[in-house]
>>> print(open('coords_9.txt').read())   # compact mmCIF, C-alpha atoms
# COMPACT_ATOMS: atom_id res chain seq x y z
CA MET A 1 16.55 34.39 -8.30
CA ALA A 2 13.07 35.90 -8.48
CA ARG A 3 11.71 37.21 -5.18
CA ARG A 4 8.59 35.53 -3.81
CA PRO A 5 5.58 37.88 -3.69
CA THR A 6 4.51 38.99 -0.21
CA ILE A 7 1.33 40.25 1.42
CA LYS A 8 2.80 43.75 1.12
CA ASP A 9 3.08 43.32 -2.69
CA ILE A 10 -0.54 42.20 -2.91
CA ALA A 11 -1.71 45.11 -0.76
CA ARG A 12 0.18 47.62 -2.92
CA GLN A 13 -1.20 46.29 -6.22
CA ALA A 14 -4.75 45.83 -4.90
CA GLY A 15 -4.77 49.27 -3.26
CA VAL A 16 -5.71 48.00 0.18
CA SER A 17 -4.07 47.60 3.58
CA GLU A 18 -1.98 44.60 4.55
CA SER A 19 -4.52 43.67 7.22
CA ALA A 20 -7.25 43.58 4.56
CA VAL A 21 -5.10 41.18 2.53
CA SER A 22 -4.62 38.97 5.58
CA PHE A 23 -8.37 38.93 6.26
CA ALA A 24 -9.16 38.04 2.64
CA LEU A 25 -6.57 35.30 2.20
CA ASN A 26 -7.41 33.65 5.52
CA ASP A 27 -11.22 33.75 5.04
CA ARG A 28 -11.76 36.09 7.97
CA PRO A 29 -14.46 38.74 8.25
CA GLY A 30 -13.53 42.41 7.88
CA VAL A 31 -13.56 42.96 4.11
CA SER A 32 -16.37 43.10 1.57
CA GLN A 33 -16.95 40.31 -0.93
CA ASP A 34 -15.80 42.51 -3.82
CA THR A 35 -12.60 43.46 -2.02
CA ARG A 36 -11.97 39.84 -1.03
CA ALA A 37 -12.38 38.74 -4.66
CA ARG A 38 -10.06 41.52 -5.91
CA ILE A 39 -7.36 40.61 -3.39
CA ARG A 40 -7.48 36.93 -4.27
CA ARG A 41 -7.34 37.74 -7.98
CA VAL A 42 -4.23 39.88 -7.45
CA ALA A 43 -2.64 37.17 -5.27
CA GLU A 44 -3.19 34.61 -8.01
CA GLU A 45 -1.78 36.93 -10.69
CA LEU A 46 1.35 37.48 -8.61
CA GLY A 47 1.75 33.74 -7.93
CA TRP A 48 1.52 34.16 -4.16
CA GLN A 49 1.44 30.99 -2.00
CA PRO A 50 1.09 30.81 1.79
CA ASN A 51 4.24 30.14 3.79
CA SER A 52 3.49 26.70 5.28
CA ALA A 53 6.19 26.99 7.93
CA ALA A 54 4.89 30.34 9.15
CA ARG A 55 1.32 29.05 9.17
CA ALA A 56 2.36 26.00 11.18
CA LEU A 57 4.13 28.17 13.75
CA SER A 58 1.01 30.29 14.10
CA GLY A 59 -1.05 27.17 14.87
CA GLU A 60 -2.63 26.87 11.43
CA ARG A 61 -2.53 23.71 9.34
CA SER A 62 0.50 23.10 7.15
CA GLY A 63 -1.58 22.05 4.14
CA ALA A 64 0.36 18.80 3.72
CA VAL A 65 0.05 15.13 4.69
CA GLY A 66 2.86 12.60 4.87
CA LEU A 67 3.55 9.14 3.50
CA VAL A 68 6.64 7.12 4.46
CA LEU A 69 7.61 3.81 2.86
CA ALA A 70 9.92 1.55 4.84
CA ARG A 71 10.69 -0.86 2.02
CA PRO A 72 13.87 -1.99 0.27
CA ALA A 73 14.39 0.80 -2.27
CA HIS A 74 15.24 -1.65 -5.08
CA THR A 75 11.79 -3.24 -4.84
CA LEU A 76 9.82 -0.03 -5.36
CA GLY A 77 10.89 0.86 -8.87
CA VAL A 78 9.43 -2.29 -10.40
CA GLU A 79 6.27 -2.70 -8.30
CA SER A 80 3.16 -1.11 -9.78
CA PHE A 81 1.10 -1.27 -6.58
CA PHE A 82 2.60 1.79 -4.88
CA LEU A 83 2.54 3.88 -8.07
CA GLN A 84 -1.19 3.23 -8.43
CA LEU A 85 -1.79 3.76 -4.71
CA VAL A 86 -0.02 7.13 -4.71
CA SER A 87 -1.84 8.20 -7.86
CA GLY A 88 -5.17 7.62 -6.09
CA ILE A 89 -4.00 9.46 -2.99
CA GLN A 90 -2.73 12.38 -5.04
CA GLU A 91 -5.97 12.58 -7.02
CA VAL A 92 -7.90 13.37 -3.84
CA LEU A 93 -5.25 15.59 -2.24
CA SER A 94 -4.77 17.75 -5.33
CA THR A 95 -8.49 18.46 -5.46
CA ALA A 96 -8.30 19.53 -1.81
CA ARG A 97 -5.17 21.61 -2.52
CA THR A 98 -3.22 19.52 -0.03
CA ALA A 99 0.39 18.55 -0.65
CA LEU A 100 1.82 15.04 -0.23
CA LEU A 101 5.16 14.80 1.55
CA PHE A 102 6.72 11.48 0.53
CA GLN A 103 9.82 9.72 1.86
CA VAL A 104 11.42 6.28 1.49
CA VAL A 105 13.45 4.93 4.43
CA GLU A 106 15.35 1.75 5.17
CA ASP A 107 13.37 0.36 8.12
CA ILE A 108 10.57 0.89 10.62
CA ASP A 109 12.82 2.69 13.13
CA ALA A 110 13.77 5.25 10.50
CA GLU A 111 10.08 5.66 9.65
CA CYS A 112 9.25 6.42 13.28
CA ALA A 113 12.09 8.97 13.36
CA VAL A 114 10.57 10.72 10.34
CA TYR A 115 7.22 10.97 12.11
CA ARG A 116 8.88 12.51 15.17
CA ARG A 117 10.72 15.04 13.02
CA TRP A 118 7.64 15.96 11.00
CA TRP A 119 5.68 16.43 14.21
CA ALA A 120 8.39 18.60 15.81
CA GLU A 121 8.70 20.74 12.68
CA ARG A 122 4.93 20.80 12.10
CA ARG A 123 5.54 19.73 8.53
CA VAL A 124 2.35 17.68 8.10
CA ASP A 125 -1.20 17.73 9.43
CA GLY A 126 -1.51 13.95 9.35
CA VAL A 127 -0.01 10.81 7.84
CA LEU A 128 -0.98 7.81 5.78
CA VAL A 129 0.55 4.62 7.20
CA VAL A 130 1.20 1.65 4.91
CA ASP A 131 2.43 -1.91 5.43
CA PRO A 132 1.00 -2.60 8.92
CA ARG A 133 3.21 -4.98 10.88
CA THR A 134 2.24 -7.95 13.01
CA SER A 135 3.99 -6.14 15.87
CA ASP A 136 3.77 -2.47 15.01
CA PRO A 137 5.18 0.43 17.06
CA ARG A 138 3.67 3.13 14.85
CA PRO A 139 0.05 3.36 16.10
CA ALA A 140 1.16 4.01 19.69
CA LEU A 141 3.78 6.52 18.55
CA LEU A 142 1.32 8.48 16.40
CA GLU A 143 -1.29 8.42 19.17
CA GLY A 144 1.30 9.78 21.60
CA LEU A 145 2.22 12.55 19.17
CA ALA A 146 -1.48 13.30 18.57
CA LEU A 147 -0.70 13.13 14.85
CA PRO A 148 -3.81 12.08 12.89
CA ALA A 149 -3.24 8.90 10.90
CA VAL A 150 -5.01 6.52 8.57
CA THR A 151 -3.65 2.99 8.25
CA ILE A 152 -3.84 1.53 4.75
CA GLY A 153 -4.44 -2.19 5.25
CA GLU A 154 -5.10 -2.63 8.94
CA ALA A 155 -2.98 -5.02 11.02
CA LEU A 156 -5.05 -7.84 12.47
CA PHE A 157 -2.31 -8.83 14.93
CA PRO A 158 -1.28 -5.71 16.88
CA ASP A 159 0.20 -7.86 19.66
CA GLY A 160 2.45 -9.73 17.28
CA GLY A 161 0.60 -13.05 17.43
CA ALA A 162 1.40 -15.26 14.45
CA THR A 163 4.31 -14.19 12.29
CA ALA A 164 6.11 -15.69 9.34
CA ASP A 165 9.54 -16.94 10.42
CA PRO A 166 12.07 -16.82 7.58
CA GLY A 167 14.40 -19.07 9.54
CA GLY A 168 12.17 -22.16 9.54
CA GLY A 169 11.90 -24.99 7.02
CA THR A 170 14.54 -26.20 4.60
CA GLY A 171 15.27 -23.15 2.42
CA PRO A 172 16.49 -19.70 3.45
CA PHE A 173 13.01 -18.25 2.97
CA GLN A 174 10.91 -21.29 3.89
CA ALA A 175 7.94 -20.49 6.11
CA PRO A 176 7.52 -22.94 9.00
CA ALA A 177 5.59 -26.06 8.12
CA GLN A 178 3.51 -26.07 11.28
CA ALA A 179 -0.04 -27.17 11.91
CA PRO A 180 -2.52 -24.82 10.21
CA VAL A 181 -3.07 -21.66 12.21
CA PRO A 182 -6.65 -20.33 12.15
CA VAL A 183 -7.22 -16.91 10.70
CA SER A 184 -6.98 -14.45 13.57
CA SER A 185 -10.03 -12.84 15.11
CA ALA A 186 -7.91 -10.46 17.20
CA ALA A 187 -9.06 -6.91 17.78
CA PRO A 188 -8.12 -4.31 15.17
CA SER A 189 -5.01 -2.19 15.35
CA ALA A 190 -4.83 0.78 17.70
CA SER A 191 -4.90 3.14 14.72
CA PRO A 192 -8.16 5.12 14.95
CA SER A 193 -8.80 5.21 11.21
CA SER A 194 -8.07 2.64 8.55
CA VAL A 195 -8.80 1.40 5.07
CA ARG A 196 -9.05 -2.37 4.99
CA ALA A 197 -8.57 -4.93 2.24
CA ASP A 198 -9.91 -8.48 2.34
CA ASP A 199 -6.65 -10.35 1.76
CA ALA A 200 -8.01 -13.51 3.35
CA GLY A 201 -11.05 -13.55 1.08
CA ALA A 202 -8.91 -12.91 -1.98
CA MET A 203 -6.61 -15.82 -1.13
CA ALA A 204 -9.66 -18.03 -0.67
CA GLN A 205 -10.69 -17.18 -4.24
CA VAL A 206 -7.27 -18.14 -5.55
CA LEU A 207 -7.20 -21.49 -3.75
CA GLU A 208 -10.75 -22.29 -4.79
CA HIS A 209 -9.80 -21.67 -8.43
CA LEU A 210 -6.68 -23.83 -8.31
CA TYR A 211 -8.29 -26.60 -6.25
CA GLY A 212 -11.21 -26.67 -8.66
CA LEU A 213 -8.79 -27.21 -11.53
CA GLY A 214 -7.34 -30.22 -9.68
CA HIS A 215 -4.16 -28.78 -8.14
CA ARG A 216 -3.07 -30.38 -4.87
CA ARG A 217 0.54 -29.15 -4.65
CA ILE A 218 0.53 -25.37 -4.39
CA VAL A 219 3.22 -22.95 -3.23
CA HIS A 220 2.53 -19.35 -2.31
CA VAL A 221 5.57 -17.12 -3.04
CA ALA A 222 4.83 -14.46 -0.43
CA GLY A 223 6.24 -11.01 0.28
CA LEU A 224 8.08 -9.65 3.30
CA PRO A 225 7.65 -11.60 6.54
CA GLY A 226 6.24 -9.61 9.42
CA LEU A 227 3.87 -7.55 7.27
CA ALA A 228 0.30 -8.06 8.42
CA HIS A 229 -1.06 -8.72 4.95
CA THR A 230 1.63 -11.35 4.32
CA VAL A 231 0.54 -13.17 7.47
CA ARG A 232 -3.16 -12.84 6.59
CA ARG A 233 -2.56 -14.35 3.15
CA MET A 234 -0.44 -17.19 4.53
CA GLU A 235 -2.94 -18.03 7.24
CA SER A 236 -5.84 -17.91 4.80
CA LEU A 237 -3.97 -20.28 2.49
CA ARG A 238 -3.36 -22.71 5.37
CA ALA A 239 -6.94 -22.52 6.59
CA GLU A 240 -8.45 -23.00 3.11
CA ALA A 241 -6.06 -25.86 2.38
CA ALA A 242 -6.87 -27.57 5.69
CA ARG A 243 -10.58 -27.20 4.98
CA ARG A 244 -10.01 -29.24 1.83
CA GLY A 245 -7.87 -31.86 3.56
CA LEU A 246 -4.53 -30.57 2.22
CA GLY A 247 -1.62 -30.52 4.65
CA PRO A 248 1.42 -28.21 4.88
CA ASP A 249 3.45 -30.70 2.83
CA GLN A 250 1.07 -30.02 -0.08
CA VAL A 251 0.19 -26.33 0.29
CA ARG A 252 2.62 -23.89 1.87
CA SER A 253 4.20 -20.43 1.66
CA VAL A 254 7.75 -19.19 1.17
CA VAL A 255 8.64 -15.57 1.88
CA THR A 256 10.73 -13.10 -0.14
CA ASP A 257 11.39 -9.37 -0.38
CA TYR A 258 8.94 -8.84 -3.30
CA SER A 259 11.77 -8.44 -5.84
CA ASP A 260 12.01 -10.22 -9.17
CA ALA A 261 15.38 -11.67 -8.13
CA GLU A 262 14.03 -13.37 -4.99
CA GLY A 263 10.84 -14.36 -6.77
CA ALA A 264 12.95 -16.11 -9.41
CA ALA A 265 15.20 -17.72 -6.79
CA ALA A 266 12.23 -19.05 -4.81
CA THR A 267 10.75 -20.45 -8.03
CA ARG A 268 13.97 -22.31 -8.85
CA ARG A 269 14.11 -23.83 -5.36
CA VAL A 270 10.57 -25.17 -5.26
CA LEU A 271 10.63 -26.45 -8.85
CA ALA A 272 13.82 -28.39 -8.06
CA GLU A 273 12.11 -30.36 -5.27
CA PRO A 274 11.37 -34.10 -5.72
CA ASP A 275 7.63 -33.38 -5.80
CA PRO A 276 7.46 -29.86 -7.21
CA PRO A 277 4.27 -27.82 -7.03
CA THR A 278 1.87 -27.82 -9.94
CA ALA A 279 0.75 -24.26 -9.14
CA LEU A 280 2.48 -21.12 -7.86
CA VAL A 281 0.79 -18.05 -6.38
CA TYR A 282 2.92 -14.88 -6.29
CA ASP A 283 2.32 -11.88 -4.04
CA ASN A 284 2.90 -9.38 -6.85
CA ASP A 285 3.03 -9.14 -10.60
CA VAL A 286 6.82 -8.69 -10.82
CA MET A 287 7.58 -11.97 -9.04
CA ALA A 288 4.93 -13.77 -11.11
CA VAL A 289 6.53 -12.64 -14.38
CA ALA A 290 9.97 -13.60 -13.06
CA GLY A 291 8.64 -17.02 -12.07
CA SER A 292 7.12 -17.50 -15.52
CA ALA A 293 10.49 -16.70 -17.07
CA VAL A 294 12.22 -19.26 -14.82
CA ALA A 295 9.71 -21.93 -15.83
CA ALA A 296 10.37 -21.19 -19.51
CA GLU A 297 14.12 -21.38 -18.94
CA LEU A 298 13.73 -24.77 -17.23
CA GLY A 299 11.55 -26.07 -20.05
CA ILE A 300 8.44 -26.29 -17.86
CA PRO A 301 5.41 -25.27 -19.93
CA VAL A 302 2.86 -22.87 -18.43
CA PRO A 303 0.10 -23.94 -17.94
CA GLY A 304 0.82 -27.45 -19.28
CA ARG A 305 2.87 -28.49 -16.23
CA LEU A 306 2.72 -25.40 -14.02
CA SER A 307 -0.06 -22.91 -13.33
CA ILE A 308 0.77 -19.36 -12.22
CA VAL A 309 -1.36 -16.76 -10.41
CA ALA A 310 -0.33 -13.15 -9.69
CA TRP A 311 -1.76 -11.27 -6.72
CA ASP A 312 -1.97 -7.84 -8.36
CA ASP A 313 -3.02 -7.49 -11.97
CA SER A 314 -1.03 -5.10 -14.15
CA ALA A 315 0.04 -4.52 -17.74
CA LEU A 316 2.88 -6.99 -17.11
CA CYS A 317 0.36 -9.75 -16.43
CA ARG A 318 -1.58 -8.94 -19.59
CA VAL A 319 1.38 -8.77 -22.00
CA THR A 320 3.31 -11.79 -20.68
CA HIS A 321 2.86 -14.98 -22.72
CA PRO A 322 0.82 -16.76 -21.62
CA ARG A 323 -1.20 -14.00 -20.02
CA LEU A 324 -1.24 -14.43 -16.25
CA THR A 325 -4.29 -15.21 -14.16
CA ALA A 326 -4.41 -12.39 -11.60
CA LEU A 327 -6.38 -10.71 -8.84
CA VAL A 328 -7.85 -7.50 -10.18
CA ARG A 329 -8.42 -4.68 -7.71
CA ASP A 330 -8.81 -0.92 -7.81
CA THR A 331 -5.53 0.06 -6.18
CA ALA A 332 -5.95 3.73 -7.08
CA GLY A 333 -9.39 3.57 -5.48
CA PHE A 334 -7.74 2.13 -2.37
CA GLY A 335 -5.54 5.24 -2.25
CA ARG A 336 -8.51 7.54 -2.79
CA LEU A 337 -10.37 5.97 0.15
CA ALA A 338 -7.37 6.49 2.42
CA ALA A 339 -6.89 10.12 1.41
CA GLU A 340 -10.60 10.86 1.79
CA GLU A 341 -10.62 9.35 5.27
CA LEU A 342 -7.59 11.36 6.39
CA LEU A 343 -9.03 14.62 5.04
CA ALA A 344 -12.31 13.86 6.80
CA VAL A 345 -10.50 13.30 10.11
CA LEU A 346 -8.55 16.55 9.64
CA ALA A 347 -11.85 18.34 9.00
CA GLY A 348 -13.20 17.14 12.35
CA SER A 349 -15.01 13.91 11.50
CA PRO A 350 -14.71 11.03 13.96
CA PRO A 351 -12.23 8.28 13.04
CA GLY A 352 -13.67 5.56 10.87
CA VAL A 353 -12.98 2.38 8.94
CA ARG A 354 -13.45 2.16 5.19
CA ILE A 355 -13.60 -1.17 3.37
CA SER A 356 -12.24 -1.49 -0.15
CA GLU A 357 -13.95 -3.80 -2.57
CA ARG A 358 -12.67 -7.37 -2.61
CA PRO A 359 -10.22 -8.18 -5.44
CA ARG A 360 -11.72 -10.22 -8.27
CA LEU A 361 -9.83 -13.19 -9.73
CA GLU A 362 -9.42 -12.91 -13.50
CA PRO A 363 -8.63 -16.38 -14.94
CA ARG A 364 -6.36 -16.24 -17.99
CA GLU A 365 -4.15 -18.61 -19.97
CA SER A 366 -1.60 -19.26 -17.19
CA THR A 367 -3.87 -21.59 -15.18
CA ALA A 368 -5.21 -24.98 -16.27
CA PRO A 369 -5.68 -28.46 -14.81
CA PRO A 370 -2.40 -30.17 -13.80
CA PRO A 371 -1.02 -33.08 -15.82
CA ALA A 372 -2.99 -36.28 -15.25
CA HIS A 373 -0.01 -38.15 -13.73
CA THR A 374 0.60 -35.64 -10.92
>>> encode(input="coords_9.txt", output="structure tokens")
Amino acid sequence: MARRPTIKDIARQAGVSESAVSFALNDRPGVSQDTRARIRRVAEELGWQPNSAARALSGERSGAVGLVLARPAHTLGVESFFLQLVSGIQEVLSTARTALLFQVVEDIDAECAVYRRWWAERRVDGVLVVDPRTSDPRPALLEGLALPAVTIGEALFPDGGATADPGGGTGPFQAPAQAPVPVSSAAPSASPSSVRADDAGAMAQVLEHLYGLGHRRIVHVAGLPGLAHTVRRMESLRAEAARRGLGPDQVRSVVTDYSDAEGAAATRRVLAEPDPPTALVYDNDVMAVAGSAVAAELGIPVPGRLSIVAWDDSALCRVTHPRLTALVRDTAGFGRLAAEELLAVLAGSPPGVRISERPRLEPRESTAPPPAHT
């Protein structure tokens, strides 16, 4: 195995002292500009990289930030959202020569354990936190560790107010058919920095589109219960439906794990009801495509008898027949905003909130007025 080049190797080849190399590579005074340039050129030729562990022990930054996903592993390989999000994050970090330390874990407790370990080992300078919960232990933990963090999609219910209960209703994933709950005006999460998305406004666009077409029986096939954005979308759907005089027996949500299998299963259940919905709204593209396939298998034409809307647009939505109406948003740009905010905080800027642009509904062939007899 080839030996990693050291400061001593650079000093020997550049014809200077080891202290001069240290001054040059750490941007400290004590060497001339010409000498500094020569030392850096030699270091690059030799392929030298700083030892992040040693730098962390000396009190310097590690040059890395962390991202942990506490999601079912089988749902990540087919969901385009996180791939686009990470690509945007990496675009900013690579320009800043900052590494991204990425880990997938089984649950929120394991995620918190990773943060504690990273902090103890000084592995990262800060973290990007995704999937805010309605009752979230992470902001307080990170504040206690003094580990800088940026929350991607801020939780509106840090005290665990309204949550989706997968045990209610008639099916195994039926959200409770309670009186409409108003969209929360609770204070933001305890996280000092965040990048926010207008999930409530996006859902309002979707319902306005379907209601305008004449749909009065609509089911939202939502993602994981307990995630703040799932609750925001469900509450927005209820509020917008109530504003139009539609009750929970007409417009409601069912929750899943985001996978194609559960998206298909939820579709089968609701389409088998005595008064099935005329429109389905899915929380990601994978479930929407799976739902479209179930409708085709059951002989239910889309959009002749059933309209379908996907939350996140992707190539899947555009190549499926019929092409799926979808919410278009710059997910990579969402990641770039988060990475920029974290780097700004690490550079000494005060914590802030950045707002991503609202998703735009792109009507396509999968939505149309419902049959006249419904």
>>> closest_residue(input="coords_9.txt", among="A:Gln13, A:Ser307, A:Ser32, A:Thr278", to="Glu44 (chain A)", atoms="all atoms listed in the file")
A:Gln13
>>> residues_around(input="coords_9.txt", residues="Ser87 (chain A)", least_positions_apart="6", cutoff="12 Å", atoms="all atoms listed in the file", output="list in words")
Ser80, Phe81, Leu93, Ser94, Leu100, Asp330, Thr331, Ala332, Gly333, Phe334, Gly335, Arg336, Leu337, Ala338 and Ala339 of chain A
>>> atom_distance(input="coords_9.txt", atom1="CA of Leu224 (chain A)", atom2="CA of Tyr258 (chain A)")
6.7 Å
>>> atom_distance(input="coords_9.txt", atom1="CA of Trp311 (chain A)", atom2="CA of Ala261 (chain A)")
17.2 Å
>>> closest_residue(input="coords_9.txt", among="A:Thr267, A:Gln205, A:Asp125, A:Asp249", to="Glu362 (chain A)", atoms="only C-alpha atoms")
A:Gln205
>>> closest_residue(input="coords_9.txt", among="A:Arg38, A:Arg358, A:Arg233, A:Arg269", to="Arg196 (chain A)", atoms="all atoms listed in the file")
A:Arg358
>>> atom_distance(input="coords_9.txt", atom1="CA of Val231 (chain A)", atom2="CA of Thr256 (chain A)")
12.7 Å
>>> closest_residue(input="coords_9.txt", among="A:Ala202, A:Gly126, A:Leu316, A:Leu46", to="Leu342 (chain A)", atoms="only C-alpha atoms")
A:Gly126
>>> residues_near_point(input="coords_9.txt", point="(-0.2, -13.3, -14.5)", cutoff="7 Å", atoms="all atoms listed in the file", output="list in words")
Asp285, Ala288, Val289, Ile308, Val309, Ala310, Asp313, Cys317, Arg318, Arg323, Leu324, Thr325, Ala326 and Ser366 of chain A
>>> closest_residue(input="coords_9.txt", among="A:Gly291, A:Pro248, A:Pro303, A:Pro359", to="Ala204 (chain A)", atoms="only C-alpha atoms")
A:Pro359
>>> closest_residue(input="coords_9.txt", among="A:Glu143, A:Asp131, A:Asp312, A:Glu341", to="Val195 (chain A)", atoms="all atoms listed in the file")
A:Glu341
>>> axis_aligned_box(input="coords_9.txt", around="region 99-109 of chain A", padding_each_side="6 Å", output="JSON")
{"center_x": 7.9, "center_y": 9.5, "center_z": 6.2, "size_x": 27.0, "size_y": 30.2, "size_z": 25.8}
